[in-house]
Amino acid sequence: MAGCTRRCQQGILKFLQCLHRLVSGTLSKDKVDDELEMTMVCHRPEGLEQLEAQTNFTKRELQVLYRGFKNECPSGVVNEETFKHIYAQFFPHGDASNYAHYLFNAFDSAHNGSIKFEDFVMGLSILLRGSVREKLQWTFNLYDINRDGYINKEEMTEIVRAIYDMMGKYTYPALKGDVPKQHVDAFFQKMDKNKDGVVTLEEFILACQEDENMMRSLQLFENVL
Amino acid sequence: MAAGVATWLPFARAAAVGWLPLAKKTMPKPPVDKKSRNDEILFVNVSGLRFQTWKNTLDRYPDTLLGSSEKEFFYNEDTQEYFFDRDPEMFRHILNFYRTGKLHYPRHECIQAFDEELAFYGIVPEIIGDCCMEEYRDRKKENQERLAEDTEAEMATDAPLPPGSTSRERLWRAFENPHTSTMALVFYYVTGFFIAVSVIANVVETVPCRPLKGSVKDLPCGEKYSLAFFCMDTACVLIFTFEYLMRLFAAPSRCKFMRSVMSVIDVVAIMPYYIGLVMPENEDVSGAFVTLRVFRVFRIFKFSRHSQGLRILGYTLKSCASELGFLLFSLTMAIIIFATVMFYAEKGTKGTNFTSIPASFWYTIVTMTTLGYGDMVPNTIAGKIFGSICSLSGVLVIALPVPVIVSNFSRIYHQNQRADKMRAQQKVRLARIRLAKKGTTNAFLQYKEQRGIQDGDSDSTALCVKNRSSFEHQHHHLLHCLEKTTNHEFTDELTYSEMCMTESVGYRTSRSTSLSSQQGLSSSCCPRRAKRRAIRLANSTVSVSRGSVQELDTLQVQKSATGHQSRSSLNAKTEDMKLNCDDRDFTAAIISIPTPPANTPDESLPPSPGIPGILRNSRSSTYTQETVKISSL
């Protein structure tokens, strides 16, 4: 009942306003406010020297990286939408948005919803020039969605599902049944040494170091830049 | 592939490290890529156009790109200059800003391009000088409005329905967009026809027809053929009622629907009929009933659902309602003023028509709109003077609202035209986008095929290698890594649908094989391959003669084997043979796709070169009959 009276009052008010506008002949209000809200978030990275010290890249590499980064994101930060868009372009077959989301969180060390150039370059430095342990730690962080130090089955299932989503619908052999779940089960069988249902960082690193295939593949990505 | 994402590719490839723990196979080798500071005068090279400026000039605004240390990232050691790969014309304005402190907006440039340049150089547009600020603001607002209109038109209800929509939603869609289904279109035209019939009937029934025999007076046709007209009216009203009830049922929000203009018109159109049915044949009441029939003419407004032009007109009037309202008000003021004046001027005359001020209203309106019926004429001199002033001012006042309405109408009309054009081009655009997407997938699939050939014969690499950019190499490598991680391959739509079609053919037969239970877990869409695997196992464990016969049958059905299929099937054989030797365990639900024969450097694949050699030779002939021969070995 209170809502009804309020609506009535609002209606009457609007009618009076209309009448007033009719008589005085004022034009519709110009939306001045939102135009000047052109505040651009502009972030500038630290100096070249500092970044060179903090990462394993040379000055030239950093220059190249930054130029590309700045070209794409003049404002100096990448937000999640842009990220998803980029990944959608790389994987046009399927839906890359979920995986892009998790990857974004892995890079966004400050958890503020945007990746600055420093985050970008630190992540790349670990992935391309880091030690084996650092790379595995980064991967562990990627899988550990809630950052509690443990990977449980749900987190892993989400990640694996996101990866399979990127493949899209048209795959050979076709994705029938709950393929991600089986993949996760196989993964846990390999990684979870003490069978307690979660994988800790140490278990993860140990299991990965035992896997020769993986160790070999890790080396392959070093000359990406 | 957009060139913009090229810069992100190394990043995406580096992030592929995250897939490694999940991958069951080793990643493929990446493609090898042979190729990566007093007061002084600084050289700035913008896409070839060299600018020179003092360092101090740039340092004036330290919170911009050129003024801060950010420009060091763009310094080129070899040529000792700062190189920017941007528009040199725009850079002139940017640099002028540093020099004079005033930023100007070049009128011939696109507003968005200008904004992007400003964003790149870290300059906020607020500091545009007063001379150019208004132009900038206007252009920006116009652009934003146009973009908003375009996105609204895009999100128009032409998008295809989600598959899980109820019948109610579909009904509503059919009503709102008649061109989506033929049924809706038929209904649309039928209602249109009946509206026209009803309106014409209303008009015709008042035309005087020839009188009945024996009567002199002319009778309106409505009374002469009253039964016929009544039947027609009933039919129309029934259809309108039915339509209204259907719309009411299908509407997503019934309250909102009932308050909308069109539904009010619908109700008003059919109400008189029902009221007439209910009302008794009473003399005094039927007089009121007759006036109600006037409302039947509102049926003509139902046409606005059918005619877009009418809707545009209505929308125009609504959008310039405030201007019209104000003008109406000022017109009323003028009428009252002149009517009063005329009344008092003509008060003295005997037998004058200007009996009261309200009576003079009629004279004023007729004069101001330059109609001049002549039924009321001033006689006194004062009256004539004021009458002429009235008609002259009337011309001005009446002419004022017309441009407002016209400009609004033209704007809305053009916007509508643009929406229609966009909708028409949308299909072409979507088709082209789909083609481009397929092109990417096809490129990757082609690349995979060629890798199969390439890695086999090192001599013929020269023949097979296509001219592909390093970007494409790297991108394909990335997709390859994803395939390895998930153990599934990318295919195209055709192959996938073909595989799924054979399911219905072979499914029944596959169940009959005794190995079907074992195959249950191995989720394969194509039972042909499943059965071939069954044959493999049969050779080693259980003998299923029936299965092989059935397989041959189904294989013969599949006359058309594309290159891709045969290749994969051949590879399936490699894998199966390997599994045969090593691992009979089929519980792993992932169909491990076999690695292309000579791709991986690891020696974990026991079937050595001999088998791939055989398979490769037979690859040239892609008939299934040949593959059958191999399978029976």
# chains A, B, ... in the order shown; residues from 1 in each chain; ligands from 1

call {"tool": "select_by_dssp", "arguments": {"residues": "region 3-145 of chain A", "states": "strand (DSSP E)", "output": "ChimeraX atom specification"}}
result
/A:77-79,114-116

call {"tool": "write_last_selection", "arguments": {"atoms": "N, CA, C and O atoms", "output": "short mmCIF file (atom, residue, chain, number, x, y, z; two decimals), in the first residue's frame"}}
result
data_model
loop_
_atom_site.label_atom_id
_atom_site.label_comp_id
_atom_site.auth_asym_id
_atom_site.auth_seq_id
_atom_site.Cartn_x
_atom_site.Cartn_y
_atom_site.Cartn_z
N VAL A 77 46.64 -0.52 -18.91
CA VAL A 77 46.18 -1.69 -18.16
C VAL A 77 45.30 -2.53 -19.07
O VAL A 77 44.67 -2.01 -20.00
N VAL A 78 45.30 -3.81 -18.78
CA VAL A 78 44.41 -4.71 -19.50
C VAL A 78 43.31 -5.11 -18.54
O VAL A 78 43.62 -5.53 -17.43
N ASN A 79 42.08 -5.01 -18.97
CA ASN A 79 41.03 -5.52 -18.11
C ASN A 79 40.55 -6.85 -18.66
O ASN A 79 40.94 -7.28 -19.74
N SER A 114 42.70 -5.64 -13.04
CA SER A 114 43.38 -5.18 -14.24
C SER A 114 44.83 -5.60 -14.17
O SER A 114 45.42 -5.69 -13.10
N ILE A 115 45.37 -5.86 -15.33
CA ILE A 115 46.79 -6.26 -15.40
C ILE A 115 47.59 -5.07 -15.86
O ILE A 115 47.33 -4.52 -16.94
N LYS A 116 48.57 -4.70 -15.09
CA LYS A 116 49.45 -3.62 -15.53
C LYS A 116 50.62 -4.22 -16.26
O LYS A 116 50.80 -5.44 -16.29
#

call {"tool": "residues_around", "arguments": {"residues": "Thr440 (chain B)", "least_positions_apart": "4", "cutoff": "12 Å", "atoms": "only C-alpha atoms", "output": "PDB file with all heavy atoms, in the first residue's frame"}}
result
ATOM      1  N   GLN A  89      40.026 -14.506 -29.976  1.00  0.00           N
ATOM      2  CA  GLN A  89      40.594 -14.422 -31.312  1.00  0.00           C
ATOM      3  C   GLN A  89      41.602 -15.545 -31.556  1.00  0.00           C
ATOM      4  O   GLN A  89      41.745 -16.021 -32.679  1.00  0.00           O
ATOM      5  CB  GLN A  89      41.332 -13.090 -31.469  1.00  0.00           C
ATOM      6  CG  GLN A  89      40.442 -11.904 -31.242  1.00  0.00           C
ATOM      7  CD  GLN A  89      40.500 -10.976 -32.418  1.00  0.00           C
ATOM      8  OE1 GLN A  89      41.575 -10.675 -32.885  1.00  0.00           O
ATOM      9  NE2 GLN A  89      39.383 -10.552 -32.916  1.00  0.00           N
ATOM     10  N   PHE A  90      42.265 -15.962 -30.492  1.00  0.00           N
ATOM     11  CA  PHE A  90      43.231 -17.029 -30.684  1.00  0.00           C
ATOM     12  C   PHE A  90      42.570 -18.384 -30.809  1.00  0.00           C
ATOM     13  O   PHE A  90      43.094 -19.277 -31.456  1.00  0.00           O
ATOM     14  CB  PHE A  90      44.217 -17.086 -29.514  1.00  0.00           C
ATOM     15  CG  PHE A  90      45.263 -16.032 -29.591  1.00  0.00           C
ATOM     16  CD1 PHE A  90      45.584 -15.257 -28.500  1.00  0.00           C
ATOM     17  CD2 PHE A  90      45.945 -15.818 -30.759  1.00  0.00           C
ATOM     18  CE1 PHE A  90      46.550 -14.279 -28.579  1.00  0.00           C
ATOM     19  CE2 PHE A  90      46.911 -14.848 -30.848  1.00  0.00           C
ATOM     20  CZ  PHE A  90      47.217 -14.080 -29.756  1.00  0.00           C
ATOM     21  N   PHE A  91      41.452 -18.526 -30.138  1.00  0.00           N
ATOM     22  CA  PHE A  91      40.773 -19.815 -30.165  1.00  0.00           C
ATOM     23  C   PHE A  91      39.357 -19.604 -30.666  1.00  0.00           C
ATOM     24  O   PHE A  91      38.410 -19.624 -29.897  1.00  0.00           O
ATOM     25  CB  PHE A  91      40.762 -20.435 -28.767  1.00  0.00           C
ATOM     26  CG  PHE A  91      42.140 -20.703 -28.257  1.00  0.00           C
ATOM     27  CD1 PHE A  91      42.755 -19.814 -27.403  1.00  0.00           C
ATOM     28  CD2 PHE A  91      42.831 -21.820 -28.677  1.00  0.00           C
ATOM     29  CE1 PHE A  91      44.039 -20.043 -26.956  1.00  0.00           C
ATOM     30  CE2 PHE A  91      44.116 -22.062 -28.229  1.00  0.00           C
ATOM     31  CZ  PHE A  91      44.716 -21.167 -27.374  1.00  0.00           C
ATOM     32  N   PRO A  92      39.249 -19.401 -31.964  1.00  0.00           N
ATOM     33  CA  PRO A  92      37.920 -19.080 -32.487  1.00  0.00           C
ATOM     34  C   PRO A  92      36.982 -20.268 -32.512  1.00  0.00           C
ATOM     35  O   PRO A  92      35.783 -20.100 -32.651  1.00  0.00           O
ATOM     36  CB  PRO A  92      38.226 -18.603 -33.911  1.00  0.00           C
ATOM     37  CG  PRO A  92      39.492 -19.279 -34.277  1.00  0.00           C
ATOM     38  CD  PRO A  92      40.263 -19.481 -33.029  1.00  0.00           C
ATOM     39  N   HIS A  93      37.537 -21.499 -32.354  1.00  0.00           N
ATOM     40  CA  HIS A  93      36.670 -22.660 -32.467  1.00  0.00           C
ATOM     41  C   HIS A  93      35.721 -22.754 -31.301  1.00  0.00           C
ATOM     42  O   HIS A  93      34.579 -23.148 -31.446  1.00  0.00           O
ATOM     43  CB  HIS A  93      37.489 -23.956 -32.500  1.00  0.00           C
ATOM     44  CG  HIS A  93      38.738 -23.834 -33.284  1.00  0.00           C
ATOM     45  ND1 HIS A  93      38.850 -24.253 -34.573  1.00  0.00           N
ATOM     46  CD2 HIS A  93      39.946 -23.329 -32.973  1.00  0.00           C
ATOM     47  CE1 HIS A  93      40.064 -24.018 -35.011  1.00  0.00           C
ATOM     48  NE2 HIS A  93      40.757 -23.457 -34.073  1.00  0.00           N
TER      49      HIS A  93
ATOM     50  N   MET B   1      42.803 -13.025 -39.090  1.00  0.00           N
ATOM     51  CA  MET B   1      43.187 -12.762 -37.686  1.00  0.00           C
ATOM     52  C   MET B   1      43.606 -11.305 -37.586  1.00  0.00           C
ATOM     53  O   MET B   1      44.375 -10.825 -38.379  1.00  0.00           O
ATOM     54  CB  MET B   1      44.347 -13.683 -37.338  1.00  0.00           C
ATOM     55  CG  MET B   1      44.805 -13.565 -35.940  1.00  0.00           C
ATOM     56  SD  MET B   1      43.792 -14.427 -34.772  1.00  0.00           S
ATOM     57  CE  MET B   1      43.942 -16.077 -35.308  1.00  0.00           C
ATOM     58  N   ALA B   2      43.076 -10.625 -36.636  1.00  0.00           N
ATOM     59  CA  ALA B   2      43.385  -9.212 -36.492  1.00  0.00           C
ATOM     60  C   ALA B   2      44.855  -9.035 -36.182  1.00  0.00           C
ATOM     61  O   ALA B   2      45.451  -9.794 -35.428  1.00  0.00           O
ATOM     62  CB  ALA B   2      42.547  -8.613 -35.373  1.00  0.00           C
ATOM     63  N   ILE B 433      31.796 -13.162 -41.686  1.00  0.00           N
ATOM     64  CA  ILE B 433      32.553 -13.437 -40.458  1.00  0.00           C
ATOM     65  C   ILE B 433      32.713 -14.932 -40.271  1.00  0.00           C
ATOM     66  O   ILE B 433      33.781 -15.424 -39.894  1.00  0.00           O
ATOM     67  CB  ILE B 433      31.835 -12.822 -39.241  1.00  0.00           C
ATOM     68  CG1 ILE B 433      31.933 -11.302 -39.320  1.00  0.00           C
ATOM     69  CG2 ILE B 433      32.452 -13.296 -37.951  1.00  0.00           C
ATOM     70  CD1 ILE B 433      31.130 -10.614 -38.265  1.00  0.00           C
ATOM     71  N   ARG B 434      31.605 -15.661 -40.554  1.00  0.00           N
ATOM     72  CA  ARG B 434      31.671 -17.110 -40.397  1.00  0.00           C
ATOM     73  C   ARG B 434      32.701 -17.686 -41.343  1.00  0.00           C
ATOM     74  O   ARG B 434      33.439 -18.606 -40.983  1.00  0.00           O
ATOM     75  CB  ARG B 434      30.291 -17.712 -40.670  1.00  0.00           C
ATOM     76  CG  ARG B 434      29.816 -18.595 -39.524  1.00  0.00           C
ATOM     77  CD  ARG B 434      28.447 -19.147 -39.774  1.00  0.00           C
ATOM     78  NE  ARG B 434      27.427 -18.124 -39.704  1.00  0.00           N
ATOM     79  CZ  ARG B 434      26.492 -17.968 -40.627  1.00  0.00           C
ATOM     80  NH1 ARG B 434      26.437 -18.750 -41.663  1.00  0.00           N
ATOM     81  NH2 ARG B 434      25.593 -17.020 -40.505  1.00  0.00           N
ATOM     82  N   LEU B 435      32.721 -17.124 -42.549  1.00  0.00           N
ATOM     83  CA  LEU B 435      33.685 -17.609 -43.530  1.00  0.00           C
ATOM     84  C   LEU B 435      35.099 -17.387 -43.041  1.00  0.00           C
ATOM     85  O   LEU B 435      35.961 -18.261 -43.147  1.00  0.00           O
ATOM     86  CB  LEU B 435      33.468 -16.862 -44.855  1.00  0.00           C
ATOM     87  CG  LEU B 435      33.805 -17.677 -46.100  1.00  0.00           C
ATOM     88  CD1 LEU B 435      32.887 -18.852 -46.184  1.00  0.00           C
ATOM     89  CD2 LEU B 435      33.667 -16.807 -47.313  1.00  0.00           C
ATOM     90  N   ALA B 436      35.330 -16.202 -42.468  1.00  0.00           N
ATOM     91  CA  ALA B 436      36.679 -15.899 -41.978  1.00  0.00           C
ATOM     92  C   ALA B 436      37.049 -16.843 -40.852  1.00  0.00           C
ATOM     93  O   ALA B 436      38.172 -17.339 -40.783  1.00  0.00           O
ATOM     94  CB  ALA B 436      36.743 -14.451 -41.492  1.00  0.00           C
ATOM     95  N   PHE B 444      44.261 -24.158 -40.075  1.00  0.00           N
ATOM     96  CA  PHE B 444      44.926 -25.019 -39.114  1.00  0.00           C
ATOM     97  C   PHE B 444      44.836 -26.476 -39.539  1.00  0.00           C
ATOM     98  O   PHE B 444      45.798 -27.229 -39.424  1.00  0.00           O
ATOM     99  CB  PHE B 444      44.328 -24.817 -37.725  1.00  0.00           C
ATOM    100  CG  PHE B 444      45.001 -25.640 -36.680  1.00  0.00           C
ATOM    101  CD1 PHE B 444      46.363 -25.534 -36.478  1.00  0.00           C
ATOM    102  CD2 PHE B 444      44.297 -26.531 -35.919  1.00  0.00           C
ATOM    103  CE1 PHE B 444      47.003 -26.292 -35.515  1.00  0.00           C
ATOM    104  CE2 PHE B 444      44.919 -27.290 -34.952  1.00  0.00           C
ATOM    105  CZ  PHE B 444      46.273 -27.176 -34.746  1.00  0.00           C
ATOM    106  N   LEU B 445      43.655 -26.884 -40.026  1.00  0.00           N
ATOM    107  CA  LEU B 445      43.503 -28.277 -40.415  1.00  0.00           C
ATOM    108  C   LEU B 445      44.400 -28.608 -41.599  1.00  0.00           C
ATOM    109  O   LEU B 445      45.024 -29.666 -41.642  1.00  0.00           O
ATOM    110  CB  LEU B 445      42.045 -28.559 -40.761  1.00  0.00           C
ATOM    111  CG  LEU B 445      41.090 -28.395 -39.577  1.00  0.00           C
ATOM    112  CD1 LEU B 445      39.668 -28.528 -40.046  1.00  0.00           C
ATOM    113  CD2 LEU B 445      41.368 -29.419 -38.520  1.00  0.00           C
ATOM    114  N   GLN B 446      44.459 -27.660 -42.544  1.00  0.00           N
ATOM    115  CA  GLN B 446      45.351 -27.875 -43.679  1.00  0.00           C
ATOM    116  C   GLN B 446      46.781 -28.018 -43.206  1.00  0.00           C
ATOM    117  O   GLN B 446      47.517 -28.882 -43.654  1.00  0.00           O
ATOM    118  CB  GLN B 446      45.271 -26.667 -44.619  1.00  0.00           C
ATOM    119  CG  GLN B 446      44.227 -26.822 -45.674  1.00  0.00           C
ATOM    120  CD  GLN B 446      44.248 -25.626 -46.592  1.00  0.00           C
ATOM    121  OE1 GLN B 446      45.095 -24.752 -46.467  1.00  0.00           O
ATOM    122  NE2 GLN B 446      43.328 -25.581 -47.503  1.00  0.00           N
ATOM    123  N   TYR B 447      47.119 -27.164 -42.271  1.00  0.00           N
ATOM    124  CA  TYR B 447      48.469 -27.186 -41.746  1.00  0.00           C
ATOM    125  C   TYR B 447      48.772 -28.530 -41.118  1.00  0.00           C
ATOM    126  O   TYR B 447      49.855 -29.097 -41.285  1.00  0.00           O
ATOM    127  CB  TYR B 447      48.610 -26.042 -40.737  1.00  0.00           C
ATOM    128  CG  TYR B 447      49.770 -26.137 -39.801  1.00  0.00           C
ATOM    129  CD1 TYR B 447      51.059 -25.885 -40.248  1.00  0.00           C
ATOM    130  CD2 TYR B 447      49.589 -26.479 -38.470  1.00  0.00           C
ATOM    131  CE1 TYR B 447      52.126 -25.955 -39.386  1.00  0.00           C
ATOM    132  CE2 TYR B 447      50.653 -26.550 -37.610  1.00  0.00           C
ATOM    133  CZ  TYR B 447      51.923 -26.284 -38.064  1.00  0.00           C
ATOM    134  OH  TYR B 447      52.970 -26.347 -37.211  1.00  0.00           O
ATOM    135  N   GLU B 472      51.526 -17.175 -38.177  1.00  0.00           N
ATOM    136  CA  GLU B 472      50.654 -18.326 -38.344  1.00  0.00           C
ATOM    137  C   GLU B 472      51.304 -19.589 -37.811  1.00  0.00           C
ATOM    138  O   GLU B 472      50.643 -20.424 -37.197  1.00  0.00           O
ATOM    139  CB  GLU B 472      50.315 -18.491 -39.826  1.00  0.00           C
ATOM    140  CG  GLU B 472      49.166 -17.595 -40.265  1.00  0.00           C
ATOM    141  CD  GLU B 472      48.703 -17.928 -41.660  1.00  0.00           C
ATOM    142  OE1 GLU B 472      48.614 -19.125 -41.978  1.00  0.00           O
ATOM    143  OE2 GLU B 472      48.456 -16.997 -42.433  1.00  0.00           O
ATOM    144  N   HIS B 475      50.917 -19.504 -34.150  1.00  0.00           N
ATOM    145  CA  HIS B 475      49.532 -19.723 -33.733  1.00  0.00           C
ATOM    146  C   HIS B 475      49.147 -21.177 -33.894  1.00  0.00           C
ATOM    147  O   HIS B 475      48.489 -21.766 -33.033  1.00  0.00           O
ATOM    148  CB  HIS B 475      48.605 -18.819 -34.562  1.00  0.00           C
ATOM    149  CG  HIS B 475      47.186 -18.882 -34.125  1.00  0.00           C
ATOM    150  ND1 HIS B 475      46.145 -19.078 -34.982  1.00  0.00           N
ATOM    151  CD2 HIS B 475      46.627 -18.807 -32.899  1.00  0.00           C
ATOM    152  CE1 HIS B 475      45.010 -19.098 -34.321  1.00  0.00           C
ATOM    153  NE2 HIS B 475      45.263 -18.925 -33.055  1.00  0.00           N
ATOM    154  N   HIS B 476      49.573 -21.786 -35.005  1.00  0.00           N
ATOM    155  CA  HIS B 476      49.234 -23.191 -35.192  1.00  0.00           C
ATOM    156  C   HIS B 476      49.918 -24.065 -34.164  1.00  0.00           C
ATOM    157  O   HIS B 476      49.354 -25.063 -33.700  1.00  0.00           O
ATOM    158  CB  HIS B 476      49.635 -23.624 -36.614  1.00  0.00           C
ATOM    159  CG  HIS B 476      48.749 -23.015 -37.641  1.00  0.00           C
ATOM    160  ND1 HIS B 476      49.123 -22.892 -38.963  1.00  0.00           N
ATOM    161  CD2 HIS B 476      47.520 -22.480 -37.571  1.00  0.00           C
ATOM    162  CE1 HIS B 476      48.158 -22.319 -39.641  1.00  0.00           C
ATOM    163  NE2 HIS B 476      47.176 -22.058 -38.822  1.00  0.00           N
ATOM    164  N   LEU B 479      47.773 -23.947 -31.113  1.00  0.00           N
ATOM    165  CA  LEU B 479      46.591 -24.788 -31.204  1.00  0.00           C
ATOM    166  C   LEU B 479      46.971 -26.263 -31.094  1.00  0.00           C
ATOM    167  O   LEU B 479      46.236 -27.063 -30.511  1.00  0.00           O
ATOM    168  CB  LEU B 479      45.869 -24.520 -32.535  1.00  0.00           C
ATOM    169  CG  LEU B 479      45.236 -23.130 -32.654  1.00  0.00           C
ATOM    170  CD1 LEU B 479      44.677 -22.917 -34.040  1.00  0.00           C
ATOM    171  CD2 LEU B 479      44.135 -22.957 -31.638  1.00  0.00           C
ATOM    172  N   PHE B 490      41.102 -30.926 -33.395  1.00  0.00           N
ATOM    173  CA  PHE B 490      40.131 -30.033 -34.010  1.00  0.00           C
ATOM    174  C   PHE B 490      39.668 -30.647 -35.316  1.00  0.00           C
ATOM    175  O   PHE B 490      40.468 -31.171 -36.063  1.00  0.00           O
ATOM    176  CB  PHE B 490      40.773 -28.685 -34.330  1.00  0.00           C
ATOM    177  CG  PHE B 490      41.043 -27.847 -33.128  1.00  0.00           C
ATOM    178  CD1 PHE B 490      42.334 -27.609 -32.705  1.00  0.00           C
ATOM    179  CD2 PHE B 490      40.002 -27.272 -32.425  1.00  0.00           C
ATOM    180  CE1 PHE B 490      42.584 -26.831 -31.599  1.00  0.00           C
ATOM    181  CE2 PHE B 490      40.255 -26.496 -31.313  1.00  0.00           C
ATOM    182  CZ  PHE B 490      41.552 -26.271 -30.909  1.00  0.00           C
ATOM    183  N   THR B 491      38.359 -30.582 -35.534  1.00  0.00           N
ATOM    184  CA  THR B 491      37.890 -30.955 -36.873  1.00  0.00           C
ATOM    185  C   THR B 491      36.950 -29.866 -37.353  1.00  0.00           C
ATOM    186  O   THR B 491      36.656 -28.928 -36.610  1.00  0.00           O
ATOM    187  CB  THR B 491      37.101 -32.271 -36.881  1.00  0.00           C
ATOM    188  OG1 THR B 491      35.893 -32.050 -36.147  1.00  0.00           O
ATOM    189  CG2 THR B 491      37.869 -33.393 -36.258  1.00  0.00           C
ATOM    190  N   ASP B 492      36.497 -30.016 -38.556  1.00  0.00           N
ATOM    191  CA  ASP B 492      35.528 -29.028 -39.041  1.00  0.00           C
ATOM    192  C   ASP B 492      34.126 -29.588 -38.938  1.00  0.00           C
ATOM    193  O   ASP B 492      33.921 -30.768 -38.670  1.00  0.00           O
ATOM    194  CB  ASP B 492      35.842 -28.612 -40.475  1.00  0.00           C
ATOM    195  CG  ASP B 492      35.892 -29.820 -41.395  1.00  0.00           C
ATOM    196  OD1 ASP B 492      35.777 -30.946 -40.887  1.00  0.00           O
ATOM    197  OD2 ASP B 492      36.049 -29.623 -42.610  1.00  0.00           O
TER     198      ASP B 492
END

call {"tool": "residues_around", "arguments": {"residues": "Ile127 (chain B)", "least_positions_apart": "6", "cutoff": "10 Å", "atoms": "only C-alpha atoms", "output": "ChimeraX atom specification"}}
result
/B:97,101-104,133

call {"tool": "select_by_dssp", "arguments": {"residues": "region 28-207 of chain A", "states": "alpha helix (DSSP H)", "output": "PyMOL selection string"}}
result
chain A and resi 48-54+59-72+80-90+97-107+117-129+132-143+153-167+179-191+201-207

call {"tool": "residues_around", "arguments": {"residues": "Gln209 (chain A)", "least_positions_apart": "6", "cutoff": "12 Å", "atoms": "only C-alpha atoms", "output": "PyMOL selection string"}}
result
(chain A and resi 132-133+135-136+190-191+202-203+215-218) or (chain B and resi 20-21)

call {"tool": "write_last_selection", "arguments": {"atoms": "N, CA and C atoms", "output": "PDB file, in the first residue's frame"}}
result
ATOM      1  N   VAL A 132      62.691 -24.080 -13.201  1.00  0.00           N
ATOM      2  CA  VAL A 132      61.622 -25.079 -13.312  1.00  0.00           C
ATOM      3  C   VAL A 132      60.678 -24.949 -12.126  1.00  0.00           C
ATOM      4  N   ARG A 133      61.235 -24.746 -10.978  1.00  0.00           N
ATOM      5  CA  ARG A 133      60.405 -24.651  -9.795  1.00  0.00           C
ATOM      6  C   ARG A 133      59.454 -23.449  -9.886  1.00  0.00           C
ATOM      7  N   LYS A 135      58.346 -22.014 -12.594  1.00  0.00           N
ATOM      8  CA  LYS A 135      57.290 -22.256 -13.579  1.00  0.00           C
ATOM      9  C   LYS A 135      56.204 -23.142 -12.990  1.00  0.00           C
ATOM     10  N   LEU A 136      56.659 -24.184 -12.278  1.00  0.00           N
ATOM     11  CA  LEU A 136      55.665 -25.076 -11.699  1.00  0.00           C
ATOM     12  C   LEU A 136      54.839 -24.348 -10.648  1.00  0.00           C
ATOM     13  N   LYS A 190      47.697 -39.140 -10.701  1.00  0.00           N
ATOM     14  CA  LYS A 190      49.132 -38.959 -10.878  1.00  0.00           C
ATOM     15  C   LYS A 190      49.723 -38.051  -9.811  1.00  0.00           C
ATOM     16  N   MET A 191      48.999 -36.997  -9.478  1.00  0.00           N
ATOM     17  CA  MET A 191      49.594 -35.942  -8.649  1.00  0.00           C
ATOM     18  C   MET A 191      49.412 -36.174  -7.152  1.00  0.00           C
ATOM     19  N   GLU A 202      53.987 -28.983  -2.950  1.00  0.00           N
ATOM     20  CA  GLU A 202      55.116 -29.918  -2.964  1.00  0.00           C
ATOM     21  C   GLU A 202      54.779 -31.178  -3.752  1.00  0.00           C
ATOM     22  N   GLU A 203      53.562 -31.711  -3.506  1.00  0.00           N
ATOM     23  CA  GLU A 203      53.157 -32.903  -4.244  1.00  0.00           C
ATOM     24  C   GLU A 203      53.186 -32.619  -5.737  1.00  0.00           C
ATOM     25  N   MET A 215      58.797 -32.388 -18.328  1.00  0.00           N
ATOM     26  CA  MET A 215      60.055 -31.658 -18.192  1.00  0.00           C
ATOM     27  C   MET A 215      60.620 -31.286 -19.534  1.00  0.00           C
ATOM     28  N   ARG A 216      60.455 -32.237 -20.464  1.00  0.00           N
ATOM     29  CA  ARG A 216      60.976 -31.944 -21.799  1.00  0.00           C
ATOM     30  C   ARG A 216      60.207 -30.812 -22.444  1.00  0.00           C
ATOM     31  N   SER A 217      58.865 -30.839 -22.259  1.00  0.00           N
ATOM     32  CA  SER A 217      58.050 -29.810 -22.894  1.00  0.00           C
ATOM     33  C   SER A 217      58.316 -28.444 -22.309  1.00  0.00           C
ATOM     34  N   LEU A 218      58.681 -28.427 -21.025  1.00  0.00           N
ATOM     35  CA  LEU A 218      58.908 -27.126 -20.388  1.00  0.00           C
ATOM     36  C   LEU A 218      59.979 -26.340 -21.103  1.00  0.00           C
TER      37      LEU A 218
ATOM     38  N   LEU B  20      50.735 -27.728 -19.323  1.00  0.00           N
ATOM     39  CA  LEU B  20      51.675 -28.850 -19.326  1.00  0.00           C
ATOM     40  C   LEU B  20      51.334 -29.968 -18.346  1.00  0.00           C
ATOM     41  N   PRO B  21      50.970 -29.648 -17.092  1.00  0.00           N
ATOM     42  CA  PRO B  21      50.708 -30.768 -16.185  1.00  0.00           C
ATOM     43  C   PRO B  21      49.529 -31.613 -16.610  1.00  0.00           C
TER      44      PRO B  21
END

call {"tool": "residues_around", "arguments": {"residues": "Val160 (chain A)", "least_positions_apart": "2", "cutoff": "12 Å", "atoms": "only C-alpha atoms", "output": "ChimeraX atom specification"}}
result
/A:96,98-99,102,142-143,153-158,162-167,178-187 /B:18-23,482,485-486
